[in-house]
$ cat target-v7.cif   # mmCIF, C-alpha atoms
data_coords
loop_
_atom_site.label_atom_id
_atom_site.label_comp_id
_atom_site.auth_asym_id
_atom_site.auth_seq_id
_atom_site.Cartn_x
_atom_site.Cartn_y
_atom_site.Cartn_z
CA MET A 1 6.68 -31.64 -3.62
CA ASP A 2 10.44 -31.06 -3.77
CA ASP A 3 10.15 -29.96 -7.41
CA LEU A 4 7.73 -27.22 -6.38
CA THR A 5 10.13 -26.04 -3.66
CA ASN A 6 13.15 -26.12 -5.95
CA ASN A 7 11.31 -23.88 -8.38
CA HIS A 8 10.83 -21.20 -5.72
CA LYS A 9 13.45 -21.56 -2.98
CA HIS A 10 16.01 -19.54 -4.95
CA ASP A 11 13.55 -16.62 -5.19
CA PHE A 12 13.87 -15.67 -1.51
CA MET A 13 16.54 -14.24 0.79
CA LEU A 14 17.35 -17.13 3.11
CA ALA A 15 20.00 -17.16 5.81
CA PRO A 16 21.85 -20.37 6.74
CA GLY A 17 19.66 -22.89 8.56
CA SER A 18 15.91 -23.35 8.27
CA TYR A 19 13.47 -20.49 8.69
CA LEU A 20 10.13 -21.79 10.00
CA LEU A 21 8.76 -18.58 11.55
CA ASN A 22 6.39 -17.63 8.74
CA HIS A 23 3.51 -17.16 11.16
CA SER A 24 5.52 -14.14 12.35
CA VAL A 25 7.38 -12.62 9.38
CA GLY A 26 7.83 -14.11 5.92
CA ARG A 27 11.20 -13.91 4.16
CA PRO A 28 11.68 -11.21 1.47
CA LEU A 29 11.96 -11.90 -2.22
CA LYS A 30 15.41 -11.43 -3.71
CA THR A 31 13.84 -9.01 -6.20
CA ALA A 32 12.13 -6.94 -3.47
CA GLU A 33 14.94 -4.39 -3.03
CA ALA A 34 15.31 -3.69 -6.76
CA ALA A 35 11.54 -3.40 -7.19
CA PHE A 36 11.37 -1.02 -4.24
CA ARG A 37 14.09 1.19 -5.68
CA GLN A 38 12.37 1.31 -9.06
CA GLN A 39 8.87 1.99 -7.77
CA PHE A 40 9.57 4.19 -4.77
CA PHE A 41 13.00 5.82 -5.06
CA ALA A 42 13.32 6.26 -8.83
CA PRO A 43 10.34 8.65 -9.17
CA TRP A 44 11.67 10.56 -6.16
CA GLN A 45 15.36 10.88 -7.00
CA ASP A 46 15.60 10.56 -10.78
CA SER A 47 13.10 13.25 -11.78
CA GLY A 48 12.52 16.92 -11.09
CA VAL A 49 8.77 16.28 -11.02
CA GLU A 50 7.06 15.62 -7.69
CA PRO A 51 6.59 11.85 -7.38
CA TRP A 52 3.02 11.53 -6.11
CA GLY A 53 1.61 10.49 -9.46
CA ASP A 54 3.93 7.48 -9.56
CA TRP A 55 3.60 6.79 -5.85
CA LEU A 56 -0.19 6.60 -5.98
CA GLY A 57 0.21 4.10 -8.80
CA ILE A 58 1.85 1.82 -6.22
CA ILE A 59 -1.34 1.85 -4.17
CA GLU A 60 -3.31 0.91 -7.27
CA LEU A 61 -0.99 -2.05 -7.85
CA PHE A 62 -1.48 -3.05 -4.22
CA THR A 63 -5.30 -3.04 -4.33
CA LYS A 64 -5.33 -4.76 -7.73
CA GLY A 65 -3.11 -7.49 -6.29
CA LEU A 66 -5.47 -7.96 -3.36
CA SER A 67 -8.38 -8.04 -5.80
CA LYS A 68 -6.77 -10.88 -7.72
CA MET A 69 -5.72 -12.83 -4.65
CA PHE A 70 -9.05 -12.68 -2.85
CA ASN A 71 -11.47 -12.47 -5.81
CA ALA A 72 -13.15 -9.17 -5.00
CA PRO A 73 -13.23 -5.75 -6.75
CA ALA A 74 -10.21 -3.53 -6.08
CA SER A 75 -12.61 -0.75 -5.10
CA GLU A 76 -13.56 -2.77 -2.01
CA PHE A 77 -10.01 -2.65 -0.56
CA CYS A 78 -8.37 0.19 1.35
CA PRO A 79 -4.74 0.30 2.55
CA GLN A 80 -4.27 0.47 6.32
CA VAL A 81 -1.19 0.79 8.54
CA ASN A 82 -2.12 -2.24 10.67
CA LEU A 83 -5.08 -4.42 11.61
CA SER A 84 -5.82 -2.71 14.92
CA SER A 85 -6.20 0.66 13.23
CA ALA A 86 -8.33 -0.85 10.47
CA LEU A 87 -10.58 -2.53 13.02
CA THR A 88 -11.02 0.67 15.03
CA LYS A 89 -11.89 2.70 11.93
CA LEU A 90 -14.38 0.09 10.78
CA VAL A 91 -16.25 -0.39 14.07
CA MET A 92 -16.55 3.36 14.59
CA SER A 93 -17.98 3.75 11.07
CA VAL A 94 -20.90 1.33 11.41
CA ALA A 95 -23.97 2.93 13.00
CA ARG A 96 -25.29 -0.40 14.25
CA LEU A 97 -22.14 -0.92 16.31
CA GLN A 98 -22.28 2.55 17.86
CA ARG A 99 -25.81 2.29 19.22
CA ASP A 100 -26.76 1.52 22.81
CA GLY A 101 -26.38 -2.14 23.71
CA ALA A 102 -24.48 -3.29 20.62
CA VAL A 103 -22.85 -6.73 21.02
CA ILE A 104 -19.76 -8.12 19.25
CA LEU A 105 -18.81 -11.79 19.57
CA MET A 106 -15.23 -13.07 19.34
CA SER A 107 -13.15 -15.94 20.71
CA GLU A 108 -11.13 -15.67 23.88
CA ILE A 109 -8.13 -17.02 21.93
CA ASP A 110 -8.20 -14.19 19.37
CA PHE A 111 -5.07 -12.05 19.10
CA PRO A 112 -5.23 -9.67 22.11
CA SER A 113 -4.73 -6.53 20.01
CA MET A 114 -8.06 -7.20 18.34
CA GLY A 115 -9.82 -7.31 21.70
CA PHE A 116 -8.07 -4.13 22.83
CA ALA A 117 -9.15 -2.27 19.69
CA LEU A 118 -12.74 -3.49 19.89
CA LYS A 119 -13.14 -2.50 23.55
CA LYS A 120 -12.00 1.05 22.83
CA ALA A 121 -13.93 1.42 19.57
CA LEU A 122 -17.26 0.38 21.09
CA PRO A 123 -19.27 2.82 23.22
CA LYS A 124 -19.09 2.12 26.97
CA ASN A 125 -22.58 0.67 27.16
CA CYS A 126 -21.88 -1.96 24.52
CA GLU A 127 -20.69 -5.55 25.07
CA LEU A 128 -17.71 -7.51 23.81
CA ARG A 129 -18.73 -11.15 24.29
CA PHE A 130 -16.30 -14.09 24.21
CA ILE A 131 -16.46 -17.74 23.24
CA PRO A 132 -14.54 -19.36 26.14
CA LYS A 133 -11.01 -20.45 25.27
CA GLU A 134 -11.77 -24.04 26.32
CA GLN A 135 -14.27 -24.46 23.47
CA ASP A 136 -13.26 -25.83 20.07
CA ILE A 137 -13.48 -22.98 17.57
CA THR A 138 -12.93 -25.40 14.66
CA ASP A 139 -16.40 -26.84 15.41
CA ALA A 140 -19.21 -25.06 13.54
CA ASN A 141 -21.63 -26.17 16.26
CA VAL A 142 -19.75 -24.10 18.84
CA TRP A 143 -20.22 -20.99 16.73
CA ASP A 144 -23.85 -21.88 16.07
CA ALA A 145 -24.54 -22.04 19.81
CA HIS A 146 -22.97 -18.64 20.46
CA LEU A 147 -24.42 -16.78 17.46
CA THR A 148 -27.55 -15.64 19.23
CA THR A 149 -29.86 -13.09 17.64
CA ASP A 150 -28.88 -10.30 20.05
CA ILE A 151 -25.39 -10.17 18.51
CA ASP A 152 -24.69 -7.37 16.04
CA MET A 153 -21.36 -8.55 14.64
CA VAL A 154 -19.11 -11.60 14.93
CA PHE A 155 -15.33 -11.20 14.70
CA VAL A 156 -13.72 -14.33 13.27
CA SER A 157 -10.03 -15.14 12.95
CA HIS A 158 -9.65 -17.34 9.88
CA ALA A 159 -6.56 -18.88 11.53
CA TYR A 160 -5.49 -18.65 15.18
CA SER A 161 -1.86 -17.78 15.81
CA ASN A 162 -1.22 -19.64 19.07
CA THR A 163 -3.20 -22.82 18.41
CA GLY A 164 -2.79 -23.52 14.68
CA GLN A 165 -6.54 -23.86 14.34
CA LEU A 166 -8.63 -22.91 11.33
CA SER A 167 -12.15 -21.61 11.86
CA PRO A 168 -15.07 -22.84 9.72
CA VAL A 169 -15.59 -19.43 8.14
CA HIS A 170 -18.12 -20.50 5.53
CA ASP A 171 -20.37 -22.10 8.15
CA ILE A 172 -20.00 -19.09 10.45
CA VAL A 173 -20.84 -16.58 7.72
CA SER A 174 -23.83 -18.62 6.58
CA THR A 175 -25.22 -18.93 10.11
CA ALA A 176 -24.58 -15.27 10.90
CA LYS A 177 -26.32 -14.11 7.73
CA SER A 178 -29.37 -16.22 8.50
CA ARG A 179 -29.63 -14.42 11.87
CA GLY A 180 -28.94 -10.89 10.67
CA ILE A 181 -25.44 -10.73 12.20
CA LEU A 182 -22.60 -8.83 10.52
CA THR A 183 -19.35 -10.75 9.89
CA LEU A 184 -15.76 -9.51 10.09
CA ILE A 185 -12.96 -11.91 9.11
CA ASP A 186 -9.34 -11.49 10.27
CA ILE A 187 -6.95 -13.16 7.80
CA ALA A 188 -3.65 -12.03 9.34
CA GLN A 189 -2.53 -15.64 9.87
CA SER A 190 -4.07 -17.14 6.73
CA ALA A 191 -3.56 -14.67 3.87
CA GLY A 192 -1.68 -16.45 1.11
CA VAL A 193 -1.43 -19.88 2.74
CA VAL A 194 -5.16 -20.65 3.02
CA PRO A 195 -7.22 -19.84 -0.09
CA MET A 196 -9.85 -17.14 0.42
CA ASP A 197 -12.55 -16.38 -2.15
CA LEU A 198 -14.51 -13.35 -0.98
CA ALA A 199 -17.04 -13.63 -3.80
CA ALA A 200 -17.94 -17.11 -2.59
CA LEU A 201 -17.73 -16.32 1.13
CA GLN A 202 -19.82 -13.14 1.02
CA ALA A 203 -18.72 -11.88 4.42
CA ASP A 204 -19.35 -8.23 5.30
CA PHE A 205 -15.86 -7.06 6.24
CA MET A 206 -12.28 -8.37 6.30
CA ILE A 207 -8.94 -7.15 7.64
CA GLY A 208 -5.52 -8.53 6.78
CA SER A 209 -1.80 -7.85 6.46
CA SER A 210 1.14 -8.66 4.21
CA VAL A 211 3.88 -9.33 6.76
CA LYS A 212 3.48 -13.08 7.24
CA TRP A 213 2.80 -15.58 4.45
CA LEU A 214 2.70 -12.85 1.79
CA CYS A 215 6.30 -11.86 2.66
CA GLY A 216 5.51 -8.17 2.14
CA GLY A 217 6.90 -6.70 5.36
CA PRO A 218 5.11 -4.62 8.02
CA GLY A 219 2.98 -1.54 7.35
CA ALA A 220 0.97 -2.86 4.39
CA ALA A 221 -2.29 -3.93 5.98
CA TYR A 222 -5.71 -3.64 4.36
CA LEU A 223 -9.40 -3.35 5.03
CA TRP A 224 -12.02 -4.96 2.80
CA VAL A 225 -15.62 -3.77 2.76
CA ASN A 226 -18.35 -5.62 0.89
CA SER A 227 -19.79 -3.20 -1.68
CA GLN A 228 -23.23 -3.43 -0.14
CA HIS A 229 -21.89 -1.68 3.00
CA ILE A 230 -19.57 0.98 1.55
CA ALA A 231 -22.22 3.68 1.19
CA ASP A 232 -23.52 3.18 4.73
CA CYS A 233 -20.13 3.27 6.47
CA GLN A 234 -19.34 6.68 7.92
CA PRO A 235 -15.69 6.70 9.08
CA LYS A 236 -14.78 9.25 11.73
CA ASP A 237 -11.01 8.97 11.29
CA VAL A 238 -10.73 10.68 7.91
CA GLY A 239 -8.36 12.90 5.94
CA TRP A 240 -8.01 14.36 2.50
CA PHE A 241 -7.51 10.96 0.90
CA SER A 242 -10.88 9.85 2.31
CA HIS A 243 -12.43 12.59 0.16
CA GLU A 244 -14.25 12.01 -3.08
CA ASN A 245 -11.74 14.37 -4.71
CA PRO A 246 -8.62 14.77 -2.56
CA PHE A 247 -7.33 17.63 -4.69
CA GLU A 248 -10.46 19.80 -4.53
CA PHE A 249 -9.12 21.67 -1.48
CA ASP A 250 -12.40 23.10 -0.22
CA ILE A 251 -12.22 23.01 3.58
CA HIS A 252 -15.98 23.58 3.84
CA ASP A 253 -17.03 20.60 1.72
CA PHE A 254 -16.12 17.03 2.67
CA ARG A 255 -17.66 14.18 0.70
CA TYR A 256 -16.75 10.54 1.35
CA HIS A 257 -14.94 8.68 -1.41
CA SER A 258 -17.38 6.36 -3.16
CA SER A 259 -15.13 3.31 -2.69
CA ALA A 260 -13.53 1.69 0.36
CA LEU A 261 -10.88 4.42 0.12
CA LYS A 262 -13.18 6.50 2.32
CA PHE A 263 -11.29 4.71 5.14
CA TRP A 264 -7.88 5.85 3.89
CA GLY A 265 -7.32 9.05 5.91
CA GLY A 266 -4.59 11.67 5.59
CA THR A 267 -1.40 11.76 3.53
CA PRO A 268 -0.76 8.07 2.88
CA SER A 269 2.29 5.98 3.56
CA VAL A 270 3.58 4.54 0.29
CA ALA A 271 6.86 2.69 0.89
CA PRO A 272 5.41 -0.44 2.60
CA TYR A 273 2.96 -0.93 -0.25
CA ALA A 274 5.71 -0.89 -2.87
CA ILE A 275 7.31 -3.91 -1.20
CA ALA A 276 3.99 -5.64 -0.52
CA ALA A 277 2.52 -5.09 -4.00
CA HIS A 278 5.58 -6.75 -5.53
CA SER A 279 5.34 -9.71 -3.17
CA ILE A 280 1.57 -10.11 -3.56
CA ASP A 281 2.00 -10.26 -7.34
CA TYR A 282 4.48 -13.12 -6.86
CA PHE A 283 2.06 -15.09 -4.69
CA CYS A 284 -0.86 -14.42 -7.02
CA GLN A 285 1.16 -16.11 -9.75
CA LEU A 286 2.09 -18.98 -7.44
CA GLY A 287 -1.48 -19.45 -6.18
CA SER A 288 -2.69 -20.00 -2.63
CA ASP A 289 -3.76 -23.55 -3.50
CA LYS A 290 -0.17 -24.54 -4.33
CA LEU A 291 1.24 -22.95 -1.19
CA ARG A 292 -1.45 -24.59 0.93
CA GLN A 293 -0.75 -28.02 -0.58
CA HIS A 294 2.99 -27.70 -0.03
CA ASN A 295 2.63 -26.35 3.52
CA GLN A 296 0.24 -29.13 4.52
CA HIS A 297 2.50 -31.81 3.03
CA LEU A 298 5.39 -30.64 5.22
CA ILE A 299 3.18 -30.39 8.30
CA GLU A 300 1.97 -33.92 7.64
CA LEU A 301 5.55 -35.22 7.69
CA VAL A 302 5.94 -33.86 11.21
CA ALA A 303 2.49 -34.97 12.33
CA ASN A 304 3.22 -38.56 11.26
CA GLU A 305 6.44 -38.59 13.28
CA LEU A 306 5.37 -36.56 16.33
CA ASP A 307 1.68 -37.37 16.61
CA SER A 308 1.64 -37.40 20.43
CA GLU A 309 3.43 -34.01 20.61
CA LEU A 310 1.19 -32.35 18.02
CA VAL A 311 -1.38 -30.24 19.89
CA SER A 312 -2.67 -28.32 16.87
CA PRO A 313 -5.38 -30.04 14.79
CA ARG A 314 -4.54 -33.34 13.08
CA GLU A 315 -7.25 -32.90 10.45
CA GLN A 316 -6.18 -30.77 7.49
CA ASP A 317 -9.52 -28.99 7.19
CA LYS A 318 -9.16 -27.75 10.78
CA ARG A 319 -5.53 -26.65 10.79
CA SER A 320 -3.85 -23.50 9.56
CA GLY A 321 -0.37 -23.16 8.09
CA THR A 322 1.14 -23.45 11.57
CA MET A 323 1.64 -26.58 13.67
CA ILE A 324 2.06 -26.51 17.45
CA LEU A 325 4.31 -29.06 19.14
CA ASN A 326 4.38 -29.51 22.93
CA PHE A 327 7.25 -31.42 24.51
CA GLY A 328 6.33 -30.69 28.12
CA GLN A 329 9.35 -30.45 30.43
CA ARG A 330 11.67 -31.24 27.51
CA GLN A 331 10.59 -28.12 25.63
CA PRO A 332 13.46 -25.82 26.75
CA GLN A 333 15.95 -28.47 25.64
CA VAL A 334 14.24 -28.81 22.25
CA MET A 335 14.22 -25.03 21.75
CA SER A 336 17.92 -24.77 22.70
CA THR A 337 18.87 -27.57 20.31
CA LEU A 338 16.96 -26.03 17.41
CA LYS A 339 18.39 -22.58 18.06
CA SER A 340 21.95 -23.95 18.10
CA ALA A 341 21.33 -25.50 14.68
CA ASN A 342 19.88 -22.27 13.21
CA ILE A 343 16.35 -23.70 13.04
CA SER A 344 14.07 -20.69 13.52
CA VAL A 345 10.88 -21.43 15.47
CA ASP A 346 9.26 -19.85 18.52
CA ALA A 347 7.17 -20.87 21.52
CA ARG A 348 3.89 -19.71 22.98
CA SER A 349 1.63 -21.01 25.73
CA GLN A 350 0.48 -24.03 23.72
CA GLY A 351 3.93 -25.11 22.55
CA ILE A 352 6.51 -24.60 19.81
CA ARG A 353 5.18 -22.98 16.64
CA VAL A 354 6.45 -24.27 13.28
CA SER A 355 5.29 -22.80 9.96
CA PRO A 356 6.80 -24.11 6.70
CA HIS A 357 6.62 -21.91 3.59
CA ILE A 358 7.16 -22.48 -0.12
CA TYR A 359 10.92 -22.00 0.37
CA ASN A 360 11.06 -24.78 2.96
CA ASP A 361 11.49 -28.35 1.77
CA GLU A 362 11.50 -31.91 3.04
CA ALA A 363 15.17 -31.59 3.97
CA ASP A 364 14.27 -28.76 6.38
CA ILE A 365 11.62 -30.90 8.00
CA LEU A 366 13.79 -34.01 8.22
CA ARG A 367 16.51 -31.93 9.87
CA LEU A 368 13.96 -30.57 12.34
CA LEU A 369 12.83 -34.10 13.22
CA GLU A 370 16.40 -35.32 13.57
CA LEU A 371 17.24 -32.53 16.02
CA VAL A 372 14.06 -33.09 18.02
CA ARG A 373 14.84 -36.79 18.37
CA THR A 374 18.32 -35.88 19.62
CA ALA A 375 16.97 -33.34 22.11
CA VAL A 376 14.37 -35.64 23.69
CA LYS A 377 16.56 -38.77 24.09
#

$ encode --input "target-v7.cif" --output "structure tokens"
Amino acid sequence: MDDLTNNHKHDFMLAPGSYLLNHSVGRPLKTAEAAFRQQFFAPWQDSGVEPWGDWLGIIELFTKGLSKMFNAPASEFCPQVNLSSALTKLVMSVARLQRDGAVILMSEIDFPSMGFALKKALPKNCELRFIPKEQDITDANVWDAHLTTDIDMVFVSHAYSNTGQLSPVHDIVSTAKSRGILTLIDIAQSAGVVPMDLAALQADFMIGSSVKWLCGGPGAAYLWVNSQHIADCQPKDVGWFSHENPFEFDIHDFRYHSSALKFWGGTPSVAPYAIAAHSIDYFCQLGSDKLRQHNQHLIELVANELDSELVSPREQDKRSGTMILNFGQRQPQVMSTLKSANISVDARSQGIRVSPHIYNDEADILRLLELVRTAVK
């Protein structure tokens, strides 16, 4: 495993210490700044021609990268500013979700922003239903029991940020399809570190971002729409780049773009996608399988040493790229010790979150364990 790390550690901008906060923000590539200057600034400052032709090429690189990473046509992806906005646009575009009595199912441990967006995007007489937080969302039987035939869509987080759990997405999608329920997968916490094959999964919709494991910074989110639904979706939040021909300039004639770009909207942001497209290309070459293997190896080292403190799943098929450690009353002391040693982690209600990336190695983990042992003596 160390050989894999040594091949990639030098590719990233790393401050002194150990950065284990990849569930929050991944570290940038050393080549990110130069790539950004070439793709974004050079067409703007080095030419007397307006730069939109080159800038829109950045978006094409971004969607092609997503296509390669998730095994789905580039035409099914649309850039978005963040997941909440993407979710709102999507729900308001699906007629089935805007009818009287529509029901969406999600877990009570989903990221709150997703619940906020869904509540506002649904009409007042619709229902947002929750799987209680006490129930094990890694268990396909739990989902099976809650996927009743009166549900119109199920919102599924592939990985859960505060618990380190991984949902059984293939089982959920299969069950939902058999009952006529739409599926929407949130991959904010799994993109890049847990392999996702959309052609095999055959979900209906997906939302994701680039800021965490893909190390692409904020502002480069995306919406994926299965081709079978693109024609039926009728977004309300549109702009000239949602148009079939943005440069037609006929204010009396709006026609939806034939691809997922119908969700794009007005004049697009470009800069975040220049950074993210470069980073996504790097991780496409690395491969999610390799990152997953390396991440799980490092988590396993901690799990073997701190089994009683590990509150996230012990089984690899149920855990995400993040482990949660709970030290009870000793937790403030552990956090203080790690912070003093420049070990970057954070804490939520379940415990301390630790997320090792490809640029972390066994030495980082052994140092973490050494400091924990010192703190809890």

$ atom_distance --input "target-v7.cif" --atom1 "atom CA of A:Phe263" --atom2 "atom CA of A:Ile151"
24.5 Å

$ atom_distance --input "target-v7.cif" --atom1 "atom CA of A:Lys89" --atom2 "atom CA of A:Ala121"
8.0 Å

$ residues_around --input "target-v7.cif" --residues "A:Ile324" --least-positions-apart "5" --cutoff "7 Å" --atoms "all atoms listed in the file" --output "list of chain:residue names"
A:Thr163, A:Gly164, A:Leu310, A:Val311, A:Ser312, A:Gln350, A:Gly351, A:Ile352, A:Arg353, A:Val354

$ residues_around --input "target-v7.cif" --residues "stretch 187-198 of chain A" --least-positions-apart "6" --cutoff "7 Å" --atoms "only C-alpha atoms" --output "PyMOL selection string"
chain A and resi 23+70-72+157-161+207-209+213-214+288-289+291-292+320-321

$ resolve_selection --input "target-v7.cif" --expression "the PyMOL selection byres ((chain A and resi 369-377) around 9)" --output "CSV table (one decimal) with C-alpha atoms, in the coordinates of the input"
chain,number,residue,atom,x,y,z
A,302,VAL,CA,5.9,-33.9,11.2
A,305,GLU,CA,6.4,-38.6,13.3
A,306,LEU,CA,5.4,-36.6,16.3
A,327,PHE,CA,7.2,-31.4,24.5
A,330,ARG,CA,11.7,-31.2,27.5
A,331,GLN,CA,10.6,-28.1,25.6
A,333,GLN,CA,16.0,-28.5,25.6
A,334,VAL,CA,14.2,-28.8,22.2
A,335,MET,CA,14.2,-25.0,21.8
A,336,SER,CA,17.9,-24.8,22.7
A,337,THR,CA,18.9,-27.6,20.3
A,338,LEU,CA,17.0,-26.0,17.4
A,341,ALA,CA,21.3,-25.5,14.7
A,364,ASP,CA,14.3,-28.8,6.4
A,365,ILE,CA,11.6,-30.9,8.0
A,366,LEU,CA,13.8,-34.0,8.2
A,367,ARG,CA,16.5,-31.9,9.9
A,368,LEU,CA,14.0,-30.6,12.3

$ closest_residue --input "target-v7.cif" --among "A:Pro218, A:Phe40, A:Ala86, A:Thr138" --to "A:Lys318" --atoms "only C-alpha atoms"
A:Thr138

$ atom_distance --input "target-v7.cif" --atom1 "atom CA of A:Met106" --atom2 "atom CA of A:Gly26"
26.7 Å

$ resolve_selection --input "target-v7.cif" --expression "the PyMOL selection byres ((chain A and resi 104) around 9)" --output "MDAnalysis selection string"
chainID A and resid 97 102:103 105:106 118 126:130 151:155

$ closest_residue --input "target-v7.cif" --among "A:Asp232, A:His243, A:Asn162, A:Trp143" --to "A:Ser174" --atoms "all atoms listed in the file"
A:Trp143

$ resolve_selection --input "target-v7.cif" --expression "the PyMOL selection byres ((chain A and resi 27) around 8)" --output "list of chain:residue names"
A:Phe12, A:Met13, A:Leu14, A:Asn22, A:Val25, A:Gly26, A:Pro28, A:Leu29, A:Cys215

$ write_last_selection --input "target-v7.cif" --atoms "C-alpha atoms" --output "PDB file, keeping the file's coordinate frame"
ATOM      1  CA  PHE A  12      13.870 -15.670  -1.510  1.00  0.00           C
ATOM      2  CA  MET A  13      16.540 -14.240   0.790  1.00  0.00           C
ATOM      3  CA  LEU A  14      17.350 -17.130   3.110  1.00  0.00           C
ATOM      4  CA  ASN A  22       6.390 -17.630   8.740  1.00  0.00           C
ATOM      5  CA  VAL A  25       7.380 -12.620   9.380  1.00  0.00           C
ATOM      6  CA  GLY A  26       7.830 -14.110   5.920  1.00  0.00           C
ATOM      7  CA  PRO A  28      11.680 -11.210   1.470  1.00  0.00           C
ATOM      8  CA  LEU A  29      11.960 -11.900  -2.220  1.00  0.00           C
ATOM      9  CA  CYS A 215       6.300 -11.860   2.660  1.00  0.00           C
TER      10      CYS A 215
END

$ residues_around --input "target-v7.cif" --residues "stretch 107-117 of chain A" --least-positions-apart "5" --cutoff "6 Å" --atoms "only C-alpha atoms" --output "PyMOL selection string"
chain A and resi 84+88+130-133

$ closest_atom_pairs --input "target-v7.cif" --of "stretch 223-267 of chain A" --to "stretch 43-60 of chain A" --cutoff "12 Å" --atoms "only C-alpha atoms" --output "JSON lines"
{"residue": "A:Phe241", "atom": "CA", "partner": "A:Leu56", "partner_atom": "CA", "distance": 11.0}
{"residue": "A:Leu261", "atom": "CA", "partner": "A:Ile59", "partner_atom": "CA", "distance": 10.8}
{"residue": "A:Trp264", "atom": "CA", "partner": "A:Ile59", "partner_atom": "CA", "distance": 11.1}
{"residue": "A:Thr267", "atom": "CA", "partner": "A:Trp52", "partner_atom": "CA", "distance": 10.6}
